[in-house]
$ cat target.txt   # compact mmCIF, C-alpha atoms
# COMPACT_ATOMS: atom_id res chain seq x y z
CA MET B 225 0.00 0.00 0.00
CA LYS B 226 1.34 3.41 -0.96
CA ILE B 227 1.18 5.94 1.87
CA VAL B 228 2.14 9.59 1.56
CA CYS B 229 2.68 12.02 4.42
CA ILE B 230 1.81 15.65 3.70
CA ILE B 231 2.91 18.40 6.09
CA PRO B 232 0.86 21.60 5.58
CA ALA B 233 2.64 24.78 6.65
CA ARG B 234 2.16 28.52 6.16
CA MET B 235 3.76 31.68 7.50
CA GLU B 236 0.53 33.61 8.16
CA SER B 237 -0.49 32.11 11.53
CA SER B 238 -2.46 34.76 13.44
CA ARG B 239 -1.15 33.53 16.80
CA PHE B 240 2.49 33.09 15.75
CA PRO B 241 3.38 34.62 12.36
CA GLY B 242 6.30 32.90 10.65
CA LYS B 243 6.31 29.93 13.04
CA PRO B 244 7.33 27.20 10.51
CA MET B 245 10.70 28.93 10.12
CA PHE B 246 11.15 29.69 13.82
CA LYS B 247 14.32 27.96 14.96
CA ILE B 248 14.02 25.47 17.79
CA ASN B 249 17.50 24.74 19.12
CA GLY B 250 18.96 26.01 15.86
CA ILE B 251 16.70 24.10 13.46
CA PRO B 252 13.60 25.62 11.77
CA MET B 253 10.44 23.94 13.03
CA ILE B 254 9.30 22.75 9.61
CA GLU B 255 12.65 21.06 9.07
CA ARG B 256 12.33 19.26 12.40
CA VAL B 257 8.88 17.96 11.50
CA PHE B 258 10.06 16.80 8.07
CA ARG B 259 13.15 15.06 9.48
CA ASN B 260 11.16 13.22 12.13
CA VAL B 261 8.43 12.07 9.76
CA LYS B 262 10.95 10.98 7.13
CA LYS B 263 12.30 8.36 9.56
CA ASN B 264 9.05 6.38 9.34
CA LEU B 265 9.56 3.30 7.15
CA MET B 266 5.86 2.86 6.36
CA LEU B 267 5.77 5.96 4.16
CA SER B 268 6.34 5.94 0.41
CA GLU B 269 6.67 9.73 0.18
CA VAL B 270 6.95 12.75 2.49
CA LEU B 271 6.39 16.35 1.39
CA VAL B 272 5.59 19.80 2.69
CA ALA B 273 2.56 21.63 1.27
CA THR B 274 2.92 25.38 1.49
CA CYS B 275 1.84 28.67 -0.06
CA ASN B 276 5.08 30.41 0.97
CA LYS B 277 8.20 30.46 -1.17
CA LYS B 278 10.41 30.88 1.91
CA ILE B 279 9.22 27.54 3.30
CA PHE B 280 9.38 25.87 -0.13
CA ASP B 281 12.95 27.07 -0.70
CA HIS B 282 14.16 25.96 2.73
CA VAL B 283 12.64 22.48 2.47
CA THR B 284 14.06 21.86 -0.99
CA PHE B 285 17.46 23.37 -0.09
CA THR B 286 17.77 20.92 2.83
CA GLY B 287 16.97 17.95 0.60
CA GLY B 288 13.24 17.64 1.20
CA THR B 289 10.25 17.64 -1.13
CA ALA B 290 7.81 20.54 -1.20
CA VAL B 291 4.76 21.51 -3.24
CA MET B 292 3.45 25.04 -3.70
CA THR B 293 -0.28 25.41 -3.03
CA SER B 294 -2.87 28.16 -3.19
CA LYS B 295 -2.99 30.93 -0.58
CA ARG B 296 -6.79 30.65 -0.52
CA HIS B 297 -6.95 27.55 1.69
CA LYS B 298 -8.34 28.09 5.18
CA ARG B 299 -8.05 24.48 6.31
CA ALA B 300 -4.93 22.31 6.39
CA SER B 301 -6.91 19.36 5.01
CA ASP B 302 -7.86 21.36 1.90
CA ARG B 303 -4.20 22.30 1.36
CA CYS B 304 -3.26 18.62 1.63
CA TYR B 305 -5.79 17.70 -1.04
CA GLU B 306 -4.29 20.14 -3.54
CA ALA B 307 -0.78 18.90 -2.73
CA LEU B 308 -1.89 15.29 -3.14
CA LEU B 309 -3.12 15.90 -6.69
CA LYS B 310 0.13 17.64 -7.59
CA ILE B 311 2.44 14.98 -6.14
CA GLU B 312 0.42 12.18 -7.73
CA LYS B 313 0.74 13.87 -11.11
CA ARG B 314 4.46 14.45 -10.57
CA ASN B 315 5.13 10.87 -9.46
CA LYS B 316 2.60 9.30 -11.85
CA THR B 317 1.06 7.24 -9.07
CA LYS B 318 -1.85 7.20 -6.63
CA TYR B 319 -1.55 6.92 -2.86
CA GLN B 320 -4.10 4.90 -0.89
CA ILE B 321 -3.58 6.66 2.46
CA ILE B 322 -2.65 10.29 3.04
CA VAL B 323 -1.25 11.13 6.47
CA MET B 324 -1.56 14.78 7.41
CA VAL B 325 0.99 15.87 10.01
CA GLN B 326 0.66 19.49 11.03
CA GLY B 327 3.78 21.58 10.53
CA ASP B 328 3.62 22.78 14.14
CA GLU B 329 4.30 19.31 15.65
CA PRO B 330 8.12 19.42 16.05
CA MET B 331 8.03 16.67 18.69
CA VAL B 332 6.32 14.17 16.38
CA TYR B 333 7.76 10.65 16.70
CA PRO B 334 8.00 8.45 13.58
CA ASP B 335 6.07 5.64 15.32
CA MET B 336 3.09 7.95 15.87
CA ILE B 337 2.33 7.50 12.18
CA ASN B 338 2.24 3.72 12.70
CA GLU B 339 -0.16 4.19 15.62
CA ALA B 340 -2.52 6.22 13.42
CA VAL B 341 -2.32 4.15 10.23
CA LYS B 342 -2.45 0.57 11.59
CA PRO B 343 -6.16 0.73 12.58
CA MET B 344 -6.96 1.62 8.96
CA LEU B 345 -4.95 -1.35 7.70
CA ARG B 346 -6.86 -3.67 10.05
CA ASP B 347 -10.31 -2.25 9.33
CA GLY B 348 -11.21 -1.15 5.80
CA LYS B 349 -14.30 0.68 7.07
CA ILE B 350 -12.25 3.33 8.90
CA LYS B 351 -12.02 6.40 6.67
CA ILE B 352 -10.08 8.76 8.93
CA VAL B 353 -8.11 8.55 12.19
CA ASN B 354 -6.92 11.16 14.71
CA LEU B 355 -4.44 10.55 17.48
CA MET B 356 -5.26 11.85 20.94
CA SER B 357 -3.56 12.10 24.30
CA LYS B 358 -4.55 12.94 27.86
CA ILE B 359 -4.85 16.48 29.15
CA ASN B 360 -2.62 16.85 32.18
CA ASN B 361 -3.77 19.97 33.98
CA GLN B 362 -6.26 22.82 34.29
CA LYS B 363 -4.15 25.17 32.17
CA GLU B 364 -4.26 22.81 29.18
CA PHE B 365 -7.95 22.14 29.78
CA LEU B 366 -8.78 25.84 29.47
CA ASP B 367 -6.31 26.70 26.69
CA PRO B 368 -8.25 27.54 23.47
CA ASN B 369 -5.19 26.62 21.39
CA ILE B 370 -5.56 23.00 22.53
CA ILE B 371 -8.34 21.12 20.76
CA LYS B 372 -10.34 18.96 23.16
CA VAL B 373 -12.21 15.87 22.01
CA LEU B 374 -15.02 13.73 23.44
CA CYS B 375 -15.44 10.11 22.30
CA ASP B 376 -18.18 7.50 22.35
CA LYS B 377 -17.71 3.96 23.68
CA ASN B 378 -16.34 2.83 20.30
CA SER B 379 -13.59 5.50 20.33
CA ASN B 380 -15.27 7.57 17.66
CA ALA B 381 -15.24 11.33 18.17
CA ILE B 382 -18.47 12.90 19.40
CA TYR B 383 -17.23 16.49 19.29
CA PHE B 384 -14.10 18.63 19.05
CA SER B 385 -13.83 22.04 20.70
CA ARG B 386 -11.40 24.74 21.74
CA SER B 387 -13.54 25.20 24.85
CA ALA B 388 -13.20 23.06 27.97
CA ILE B 389 -15.27 19.91 27.36
CA PRO B 390 -16.90 18.14 29.08
CA PHE B 391 -18.27 21.07 31.08
CA GLY B 392 -16.79 21.55 34.53
CA LYS B 393 -13.48 21.91 36.27
CA PHE B 394 -10.46 19.88 35.23
CA ASP B 395 -10.64 16.43 36.80
CA LYS B 396 -8.34 13.56 35.85
CA LYS B 397 -11.15 11.14 36.72
CA ASN B 398 -13.03 12.42 33.65
CA LYS B 399 -9.98 11.53 31.51
CA PRO B 400 -10.14 14.63 29.27
CA LYS B 401 -8.36 14.20 25.92
CA LYS B 402 -6.80 16.48 23.33
CA GLN B 403 -6.32 16.05 19.60
CA VAL B 404 -2.83 15.28 18.34
CA CYS B 405 -2.56 16.33 14.71
CA ILE B 406 -1.37 13.15 13.04
CA ILE B 407 -4.37 12.43 10.79
CA PRO B 408 -4.51 9.73 8.09
CA PHE B 409 -7.27 9.86 5.45
CA ARG B 410 -8.17 7.25 2.91
CA ARG B 411 -7.68 8.79 -0.52
CA ASP B 412 -11.33 8.62 -1.54
CA PHE B 413 -12.40 10.18 1.73
CA LEU B 414 -9.97 13.09 1.46
CA ILE B 415 -11.46 13.77 -1.98
CA LYS B 416 -14.96 13.59 -0.50
CA TYR B 417 -13.93 15.89 2.36
CA ASN B 418 -12.61 18.46 -0.10
CA ASN B 419 -15.89 18.40 -2.01
CA LEU B 420 -17.96 19.03 1.13
CA LYS B 421 -18.77 22.65 1.89
CA PRO B 422 -17.25 24.14 5.06
CA THR B 423 -19.74 23.71 7.89
CA ASN B 424 -21.02 26.08 10.55
CA LEU B 425 -19.34 24.47 13.57
CA GLU B 426 -16.12 24.02 11.61
CA LYS B 427 -16.03 27.77 11.03
CA ILE B 428 -16.96 28.68 14.62
CA GLU B 429 -14.40 26.37 16.23
CA SER B 430 -11.83 26.54 13.39
CA ILE B 431 -11.39 22.75 13.47
CA ASP B 432 -11.18 20.68 10.26
CA MET B 433 -12.65 17.51 11.79
CA LEU B 434 -16.00 19.14 12.51
CA ARG B 435 -16.69 19.14 8.77
CA VAL B 436 -16.42 15.36 8.96
CA LEU B 437 -18.71 15.01 12.00
CA GLU B 438 -21.32 17.49 10.78
CA ASN B 439 -21.70 15.47 7.59
CA GLY B 440 -22.36 12.27 9.54
CA TYR B 441 -19.01 10.48 9.20
CA ASN B 442 -16.97 8.88 11.98
CA VAL B 443 -13.54 10.02 13.12
CA LYS B 444 -11.74 7.12 14.81
CA MET B 445 -9.69 8.30 17.80
CA ILE B 446 -6.55 6.42 18.86
CA ASP B 447 -4.53 7.04 22.01
CA THR B 448 -0.85 7.69 21.41
CA LYS B 449 1.74 6.43 23.88
CA TYR B 450 4.06 9.31 22.98
CA PHE B 451 4.17 12.76 24.54
CA SER B 452 4.05 15.59 22.06
CA HIS B 453 3.54 19.33 22.37
CA ALA B 454 2.22 21.36 19.44
CA VAL B 455 3.48 24.90 18.85
CA ASP B 456 0.71 27.50 18.65
CA THR B 457 2.58 30.41 20.23
CA LYS B 458 6.15 31.54 20.81
CA LEU B 459 5.84 30.39 24.42
CA ASP B 460 5.04 26.90 23.12
CA ALA B 461 8.17 27.02 20.96
CA LEU B 462 10.31 27.93 23.96
CA LYS B 463 8.74 25.11 25.99
CA VAL B 464 9.41 22.58 23.21
CA SER B 465 12.98 23.84 22.99
CA LYS B 466 13.52 23.03 26.67
CA LEU B 467 11.85 19.62 26.34
CA LEU B 468 14.02 18.68 23.38
CA LYS B 469 17.16 19.79 25.21
CA LYS B 470 16.26 17.48 28.07
CA ALA B 471 15.84 14.67 25.56
CA ASN B 472 19.21 15.59 23.94
CA ASP B 473 17.52 16.28 20.61

$ encode --input "target.txt" --output "structure tokens"
Amino acid sequence: MKIVCIIPARMESSRFPGKPMFKINGIPMIERVFRNVKKNLMLSEVLVATCNKKIFDHVTFTGGTAVMTSKRHKRASDRCYEALLKIEKRNKTKYQIIVMVQGDEPMVYPDMINEAVKPMLRDGKIKIVNLMSKINNQKEFLDPNIIKVLCDKNSNAIYFSRSAIPFGKFDKKNKPKKQVCIIPFRRDFLIKYNNLKPTNLEKIESIDMLRVLENGYNVKMIDTKYFSHAVDTKLDALKVSKLLKKAND
């Protein structure tokens, strides 16, 4: 099975402009993400999808693959779809699974991709998977930059929100979870997703996966055994820098 990993990245983040090129311990964040993902042996291809020439030039200069995409995209998943069509045309092949890894996940471990993809290999009915991990404290629980998720008894997402869900104070007994942005799509479902109109809750929460839920599809949620910390702000970047130094990375 041919599996491609696409890393969407852009410089225009409202919370942290220019963050893909922000250096974490001397290495631009987008380069860290690409390097880590490239170590996964399950992938046939890895590329960065961007609308910024600065990102494109850096990725290609350091030996990576990048695809220029439109500046009009408001969702990372839509950017991935455009990049998929371009890389398939370039490589004259079709990929069965597309793994989206957000460009602000510099602590991504290669095996996290295995965790996300293996359920799809075991069960052909699963169209899309998200990783998730536990929320550790009240600060994370209330942070609107961290996407919270509620699941049903079959580990399918019920709802995603930037608000604290379920309602109430942080309590480890409730086992609150957050989304980790390693997201594999089946090819046909990514195409279907792109053809669906953006939905009301998707726009309000600014969360791609709500387009999936609002149209009646399941999002399978899988716990990751790895700790990761996404970078939404400069403070996040400084925290990740310290964490990586402790890990000698």

$ residues_around --input "target.txt" --residues "Lys247 (chain B)" --least-positions-apart "3" --cutoff "10 Å" --atoms "all atoms listed in the file" --output "VMD selection string"
chain B and resid 243 to 244 250 to 256 461 to 462 465

$ residues_near_point --input "target.txt" --point "(-12.2, 22.5, 18.4)" --cutoff "12 Å" --atoms "only C-alpha atoms" --output "compact mmCIF listing (two decimals) with C-alpha atoms, keeping the file's coordinate frame"
# COMPACT_ATOMS: atom_id res chain seq x y z
CA ASP B 367 -6.31 26.70 26.69
CA PRO B 368 -8.25 27.54 23.47
CA ASN B 369 -5.19 26.62 21.39
CA ILE B 370 -5.56 23.00 22.53
CA ILE B 371 -8.34 21.12 20.76
CA LYS B 372 -10.34 18.96 23.16
CA VAL B 373 -12.21 15.87 22.01
CA LEU B 374 -15.02 13.73 23.44
CA ALA B 381 -15.24 11.33 18.17
CA ILE B 382 -18.47 12.90 19.40
CA TYR B 383 -17.23 16.49 19.29
CA PHE B 384 -14.10 18.63 19.05
CA SER B 385 -13.83 22.04 20.70
CA ARG B 386 -11.40 24.74 21.74
CA SER B 387 -13.54 25.20 24.85
CA ALA B 388 -13.20 23.06 27.97
CA ILE B 389 -15.27 19.91 27.36
CA LYS B 401 -8.36 14.20 25.92
CA LYS B 402 -6.80 16.48 23.33
CA GLN B 403 -6.32 16.05 19.60
CA VAL B 404 -2.83 15.28 18.34
CA LEU B 425 -19.34 24.47 13.57
CA GLU B 426 -16.12 24.02 11.61
CA LYS B 427 -16.03 27.77 11.03
CA ILE B 428 -16.96 28.68 14.62
CA GLU B 429 -14.40 26.37 16.23
CA SER B 430 -11.83 26.54 13.39
CA ILE B 431 -11.39 22.75 13.47
CA ASP B 432 -11.18 20.68 10.26
CA MET B 433 -12.65 17.51 11.79
CA LEU B 434 -16.00 19.14 12.51
CA ARG B 435 -16.69 19.14 8.77
CA LEU B 437 -18.71 15.01 12.00

$ residues_around --input "target.txt" --residues "Leu355 (chain B)" --least-positions-apart "4" --cutoff "7 Å" --atoms "all atoms listed in the file" --output "list of chain:residue names"
B:Ala340, B:Gln403, B:Val404, B:Cys405, B:Ile406, B:Ile407, B:Met445, B:Ile446, B:Asp447, B:Thr448

$ residues_around --input "target.txt" --residues "Leu459 (chain B)" --least-positions-apart "4" --cutoff "12 Å" --atoms "all atoms listed in the file" --output "CSV table (one decimal) with C-alpha atoms, keeping the file's coordinate frame"
chain,number,residue,atom,x,y,z
B,239,ARG,CA,-1.2,33.5,16.8
B,240,PHE,CA,2.5,33.1,15.8
B,243,LYS,CA,6.3,29.9,13.0
B,246,PHE,CA,11.2,29.7,13.8
B,248,ILE,CA,14.0,25.5,17.8
B,453,HIS,CA,3.5,19.3,22.4
B,454,ALA,CA,2.2,21.4,19.4
B,455,VAL,CA,3.5,24.9,18.8
B,463,LYS,CA,8.7,25.1,26.0
B,464,VAL,CA,9.4,22.6,23.2
B,465,SER,CA,13.0,23.8,23.0
B,466,LYS,CA,13.5,23.0,26.7

$ residues_near_point --input "target.txt" --point "(1.9, 24.4, 7.0)" --cutoff "9 Å" --atoms "all atoms listed in the file" --output "list in words"
Ile231, Pro232, Ala233, Arg234, Met235, Pro244, Ile254, Val272, Ala273, Thr274, Cys275, Ile279, Ala300, Arg303, Gln326, Gly327 and Asp328 of chain B

$ write_last_selection --input "target.txt" --atoms "C-alpha atoms" --output "short mmCIF file (atom, residue, chain, number, x, y, z; two decimals), in the coordinates of the input"
data_model
loop_
_atom_site.label_atom_id
_atom_site.label_comp_id
_atom_site.auth_asym_id
_atom_site.auth_seq_id
_atom_site.Cartn_x
_atom_site.Cartn_y
_atom_site.Cartn_z
CA ILE B 231 2.91 18.40 6.09
CA PRO B 232 0.86 21.60 5.58
CA ALA B 233 2.64 24.78 6.65
CA ARG B 234 2.16 28.52 6.16
CA MET B 235 3.76 31.68 7.50
CA PRO B 244 7.33 27.20 10.51
CA ILE B 254 9.30 22.75 9.61
CA VAL B 272 5.59 19.80 2.69
CA ALA B 273 2.56 21.63 1.27
CA THR B 274 2.92 25.38 1.49
CA CYS B 275 1.84 28.67 -0.06
CA ILE B 279 9.22 27.54 3.30
CA ALA B 300 -4.93 22.31 6.39
CA ARG B 303 -4.20 22.30 1.36
CA GLN B 326 0.66 19.49 11.03
CA GLY B 327 3.78 21.58 10.53
CA ASP B 328 3.62 22.78 14.14
#

$ atom_distance --input "target.txt" --atom1 "CA of Tyr305 (chain B)" --atom2 "CA of Arg346 (chain B)"
24.1 Å

$ atom_distance --input "target.txt" --atom1 "CA of Leu267 (chain B)" --atom2 "CA of Lys226 (chain B)"
7.2 Å

$ decode --input "target.txt" --residues "region 320-342 of chain B" --atoms "N, CA and C atoms" --output "mmCIF file, in the first residue's frame"
data_model
loop_
_atom_site.group_PDB
_atom_site.id
_atom_site.type_symbol
_atom_site.label_atom_id
_atom_site.label_comp_id
_atom_site.auth_asym_id
_atom_site.auth_seq_id
_atom_site.Cartn_x
_atom_site.Cartn_y
_atom_site.Cartn_z
ATOM 1 N N GLN B 320 -2.863 5.397 -1.500
ATOM 2 C CA GLN B 320 -4.101 4.903 -0.891
ATOM 3 C C GLN B 320 -4.423 5.603 0.440
ATOM 4 N N ILE B 321 -3.381 5.969 1.179
ATOM 5 C CA ILE B 321 -3.578 6.655 2.459
ATOM 6 C C ILE B 321 -2.732 7.919 2.483
ATOM 7 N N ILE B 322 -3.344 9.005 2.923
ATOM 8 C CA ILE B 322 -2.653 10.291 3.035
ATOM 9 C C ILE B 322 -2.605 10.656 4.512
ATOM 10 N N VAL B 323 -1.410 10.774 5.060
ATOM 11 C CA VAL B 323 -1.247 11.128 6.468
ATOM 12 C C VAL B 323 -0.918 12.614 6.562
ATOM 13 N N MET B 324 -1.812 13.359 7.184
ATOM 14 C CA MET B 324 -1.558 14.779 7.406
ATOM 15 C C MET B 324 -0.891 14.954 8.767
ATOM 16 N N VAL B 325 0.298 15.534 8.763
ATOM 17 C CA VAL B 325 0.989 15.869 10.012
ATOM 18 C C VAL B 325 1.171 17.372 10.026
ATOM 19 N N GLN B 326 0.575 18.037 10.991
ATOM 20 C CA GLN B 326 0.655 19.493 11.026
ATOM 21 C C GLN B 326 2.104 19.956 11.178
ATOM 22 N N GLY B 327 2.427 21.056 10.504
ATOM 23 C CA GLY B 327 3.784 21.582 10.529
ATOM 24 C C GLY B 327 4.192 22.211 11.845
ATOM 25 N N ASP B 328 3.281 22.226 12.824
ATOM 26 C CA ASP B 328 3.623 22.776 14.143
ATOM 27 C C ASP B 328 3.738 21.677 15.196
ATOM 28 N N GLU B 329 4.109 20.456 14.746
ATOM 29 C CA GLU B 329 4.297 19.313 15.654
ATOM 30 C C GLU B 329 5.770 18.886 15.652
ATOM 31 N N PRO B 330 6.688 19.736 16.137
ATOM 32 C CA PRO B 330 8.119 19.418 16.053
ATOM 33 C C PRO B 330 8.552 18.246 16.921
ATOM 34 N N MET B 331 7.685 17.804 17.840
ATOM 35 C CA MET B 331 8.030 16.668 18.686
ATOM 36 C C MET B 331 7.447 15.359 18.163
ATOM 37 N N VAL B 332 6.919 15.373 16.944
ATOM 38 C CA VAL B 332 6.320 14.166 16.385
ATOM 39 C C VAL B 332 7.343 13.034 16.335
ATOM 40 N N TYR B 333 6.931 11.851 16.776
ATOM 41 C CA TYR B 333 7.762 10.653 16.704
ATOM 42 C C TYR B 333 7.368 9.849 15.470
ATOM 43 N N PRO B 334 8.331 9.242 14.782
ATOM 44 C CA PRO B 334 8.002 8.454 13.584
ATOM 45 C C PRO B 334 6.949 7.383 13.845
ATOM 46 N N ASP B 335 7.002 6.732 15.023
ATOM 47 C CA ASP B 335 6.066 5.644 15.320
ATOM 48 C C ASP B 335 4.640 6.129 15.544
ATOM 49 N N MET B 336 4.449 7.436 15.727
ATOM 50 C CA MET B 336 3.088 7.954 15.872
ATOM 51 C C MET B 336 2.301 7.745 14.581
ATOM 52 N N ILE B 337 2.990 7.751 13.462
ATOM 53 C CA ILE B 337 2.334 7.496 12.180
ATOM 54 C C ILE B 337 1.852 6.047 12.122
ATOM 55 N N ASN B 338 2.664 5.119 12.625
ATOM 56 C CA ASN B 338 2.238 3.720 12.696
ATOM 57 C C ASN B 338 0.992 3.570 13.556
ATOM 58 N N GLU B 339 0.994 4.260 14.716
ATOM 59 C CA GLU B 339 -0.163 4.191 15.617
ATOM 60 C C GLU B 339 -1.443 4.626 14.901
ATOM 61 N N ALA B 340 -1.339 5.666 14.086
ATOM 62 C CA ALA B 340 -2.517 6.220 13.421
ATOM 63 C C ALA B 340 -2.961 5.393 12.212
ATOM 64 N N VAL B 341 -1.994 4.830 11.485
ATOM 65 C CA VAL B 341 -2.316 4.145 10.231
ATOM 66 C C VAL B 341 -2.749 2.694 10.450
ATOM 67 N N LYS B 342 -2.176 2.013 11.418
ATOM 68 C CA LYS B 342 -2.452 0.574 11.591
ATOM 69 C C LYS B 342 -3.934 0.234 11.762
#
